[in-house]
Amino acid sequence: MARQVVLDTETTGLEWRNGNRIVEIGCVELINRKPTGRTYHQYVRPDRDFEEGAQQVTGLSLDFLADKPVFADIVDGFLDFVEGAELLIHNAKFDVGFIDYELGLLGDRDRYGSISELCKITDTVRLAKQTVQGRVSLDALCKRFGISTDERERMGHGALLDAQLLTEVYLALTSGQSDLGFDVGASNSRTQSAYINADQKPRPLFSASAADQAAHDVVLDRVRKATGGDAVWDRLA
């Protein structure tokens, strides 16, 4: 069973070294690349002010966060949710830095180390740069893959909402045969036999006719125009 957790945070500012704190955490669980419906979402009282501009980005206020728990009160539940999973994070250095900073403030190194000691960290920005050309911001990738950001534009950034969008982006970035409902890692012998049965007759090979090739070229031209010339078929060819 491959367990992944897509994670996003919102903070009081851009740099934890300046004493900025986490104000929201959102997580989405995947098992074998499929969302399970389990999520983790928590607002956190930072006990400090927002830096200029950060409040507008998050859409949160100190008044709203005043009755929310501090990080020390939610840390155990948060770590229970993510422990042992592969964390998928867009620009992981940012979120990991803030999480480790919060863990360090708890003052119990034996109990709370760094998040990378509990989870494998995968940066989806790096993954996107290896997979697509052009901008790799979450908004840009949503646009590339036709993922609606209407709610984000209406309500602003939110940790759980951004984690849900990143889930869709990640699945689009890494789409493959397993998306068709096959569990590639399954131990089911009937499923495996379809791939390794030596007695299985080879599938017949077909050649495309001239008409088929012409129709294929028309579709490729449409794809190239819609994607600014970036057709996956061309890269594979």
# chains A, B, ... in the order shown; residues from 1 in each chain; ligands from 1
>>> select_by_dssp(residues="stretch 38-191 of chain A", states="helix (DSSP H, G or I)", output="PyMOL selection string")
chain A and resi 54-58+62-65+71-82+92-105+115-117+124-131+138-144+150-155+159-173+177-180+189-191
>>> residues_around(residues="A:Ile74", least_positions_apart="3", cutoff="12 Å", atoms="only C-alpha atoms", output="PDB file with N, CA and C atoms, in the first residue's frame")
ATOM      1  N   ILE A  22       2.929  29.294  11.319  1.00  0.00           N
ATOM      2  CA  ILE A  22       1.867  28.636  10.550  1.00  0.00           C
ATOM      3  C   ILE A  22       0.511  29.059  11.097  1.00  0.00           C
ATOM      4  N   VAL A  23      -0.425  29.354  10.195  1.00  0.00           N
ATOM      5  CA  VAL A  23      -1.787  29.700  10.609  1.00  0.00           C
ATOM      6  C   VAL A  23      -2.828  28.715  10.078  1.00  0.00           C
ATOM      7  N   GLU A  24      -2.425  27.848   9.133  1.00  0.00           N
ATOM      8  CA  GLU A  24      -3.385  26.880   8.587  1.00  0.00           C
ATOM      9  C   GLU A  24      -2.615  25.723   7.968  1.00  0.00           C
ATOM     10  N   ILE A  25      -3.131  24.518   8.165  1.00  0.00           N
ATOM     11  CA  ILE A  25      -2.572  23.312   7.563  1.00  0.00           C
ATOM     12  C   ILE A  25      -3.702  22.560   6.869  1.00  0.00           C
ATOM     13  N   TYR A  40      -7.039  16.327   6.448  1.00  0.00           N
ATOM     14  CA  TYR A  40      -6.717  16.966   7.726  1.00  0.00           C
ATOM     15  C   TYR A  40      -6.730  18.465   7.469  1.00  0.00           C
ATOM     16  N   HIS A  41      -7.465  19.198   8.302  1.00  0.00           N
ATOM     17  CA  HIS A  41      -7.527  20.653   8.148  1.00  0.00           C
ATOM     18  C   HIS A  41      -7.567  21.300   9.515  1.00  0.00           C
ATOM     19  N   GLN A  42      -6.685  22.264   9.735  1.00  0.00           N
ATOM     20  CA  GLN A  42      -6.607  22.903  11.043  1.00  0.00           C
ATOM     21  C   GLN A  42      -6.136  24.346  10.905  1.00  0.00           C
ATOM     22  N   TYR A  43      -6.892  25.265  11.512  1.00  0.00           N
ATOM     23  CA  TYR A  43      -6.412  26.636  11.688  1.00  0.00           C
ATOM     24  C   TYR A  43      -5.589  26.687  12.970  1.00  0.00           C
ATOM     25  N   VAL A  44      -4.578  27.554  12.981  1.00  0.00           N
ATOM     26  CA  VAL A  44      -3.651  27.625  14.109  1.00  0.00           C
ATOM     27  C   VAL A  44      -3.468  29.088  14.529  1.00  0.00           C
ATOM     28  N   ARG A  45      -3.593  29.344  15.819  1.00  0.00           N
ATOM     29  CA  ARG A  45      -3.368  30.703  16.330  1.00  0.00           C
ATOM     30  C   ARG A  45      -1.862  30.966  16.386  1.00  0.00           C
ATOM     31  N   LYS A  68      -8.563  29.849  18.021  1.00  0.00           N
ATOM     32  CA  LYS A  68      -8.054  28.591  17.465  1.00  0.00           C
ATOM     33  C   LYS A  68      -6.898  28.074  18.325  1.00  0.00           C
ATOM     34  N   PRO A  69      -6.625  26.781  18.287  1.00  0.00           N
ATOM     35  CA  PRO A  69      -5.537  26.222  19.108  1.00  0.00           C
ATOM     36  C   PRO A  69      -4.164  26.656  18.598  1.00  0.00           C
ATOM     37  N   VAL A  70      -3.183  26.663  19.468  1.00  0.00           N
ATOM     38  CA  VAL A  70      -1.807  26.922  19.061  1.00  0.00           C
ATOM     39  C   VAL A  70      -1.222  25.620  18.506  1.00  0.00           C
ATOM     40  N   PHE A  71      -0.067  25.725  17.867  1.00  0.00           N
ATOM     41  CA  PHE A  71       0.522  24.562  17.209  1.00  0.00           C
ATOM     42  C   PHE A  71       0.791  23.428  18.197  1.00  0.00           C
ATOM     43  N   GLY A  77      -1.959  15.353  16.682  1.00  0.00           N
ATOM     44  CA  GLY A  77      -2.945  14.936  15.693  1.00  0.00           C
ATOM     45  C   GLY A  77      -2.434  15.104  14.272  1.00  0.00           C
ATOM     46  N   PHE A  78      -1.718  16.200  14.039  1.00  0.00           N
ATOM     47  CA  PHE A  78      -1.137  16.447  12.718  1.00  0.00           C
ATOM     48  C   PHE A  78      -0.105  15.381  12.370  1.00  0.00           C
ATOM     49  N   LEU A  79       0.815  15.104  13.289  1.00  0.00           N
ATOM     50  CA  LEU A  79       1.862  14.119  13.012  1.00  0.00           C
ATOM     51  C   LEU A  79       1.288  12.719  12.873  1.00  0.00           C
ATOM     52  N   ASP A  80       0.252  12.397  13.620  1.00  0.00           N
ATOM     53  CA  ASP A  80      -0.402  11.103  13.469  1.00  0.00           C
ATOM     54  C   ASP A  80      -0.951  10.936  12.060  1.00  0.00           C
ATOM     55  N   PHE A  81      -1.452  12.021  11.485  1.00  0.00           N
ATOM     56  CA  PHE A  81      -2.051  11.949  10.145  1.00  0.00           C
ATOM     57  C   PHE A  81      -0.992  11.739   9.073  1.00  0.00           C
ATOM     58  N   GLU A 102       8.267  25.131  13.689  1.00  0.00           N
ATOM     59  CA  GLU A 102       7.236  24.943  14.716  1.00  0.00           C
ATOM     60  C   GLU A 102       7.599  23.775  15.632  1.00  0.00           C
ATOM     61  N   LEU A 103       8.102  22.690  15.064  1.00  0.00           N
ATOM     62  CA  LEU A 103       8.505  21.546  15.889  1.00  0.00           C
ATOM     63  C   LEU A 103       9.655  21.924  16.809  1.00  0.00           C
ATOM     64  N   LEU A 106       8.837  23.641  20.101  1.00  0.00           N
ATOM     65  CA  LEU A 106       8.233  22.833  21.163  1.00  0.00           C
ATOM     66  C   LEU A 106       9.259  22.408  22.203  1.00  0.00           C
TER      67      LEU A 106
END
>>> residues_around(residues="stretch 111-115 of chain A", least_positions_apart="5", cutoff="10 Å", atoms="only C-alpha atoms", output="list in words")
Val75, Asp76, Leu79, Val82, Glu83, Leu87, Val96, Gly97, Ile99, Asp100, Tyr101, Glu102, Leu103, Gly104, Leu105, Leu106, Lys120 and Ile121 of chain A
>>> residues_around(residues="A:Val169", least_positions_apart="6", cutoff="8 Å", atoms="only C-alpha atoms", output="PyMOL selection string")
chain A and resi 138+141-142+145+147
>>> closest_residue(among="A:Gly158, A:Gly134, A:Pro46, A:Gly59", to="A:Gly19", atoms="only C-alpha atoms")
A:Pro46
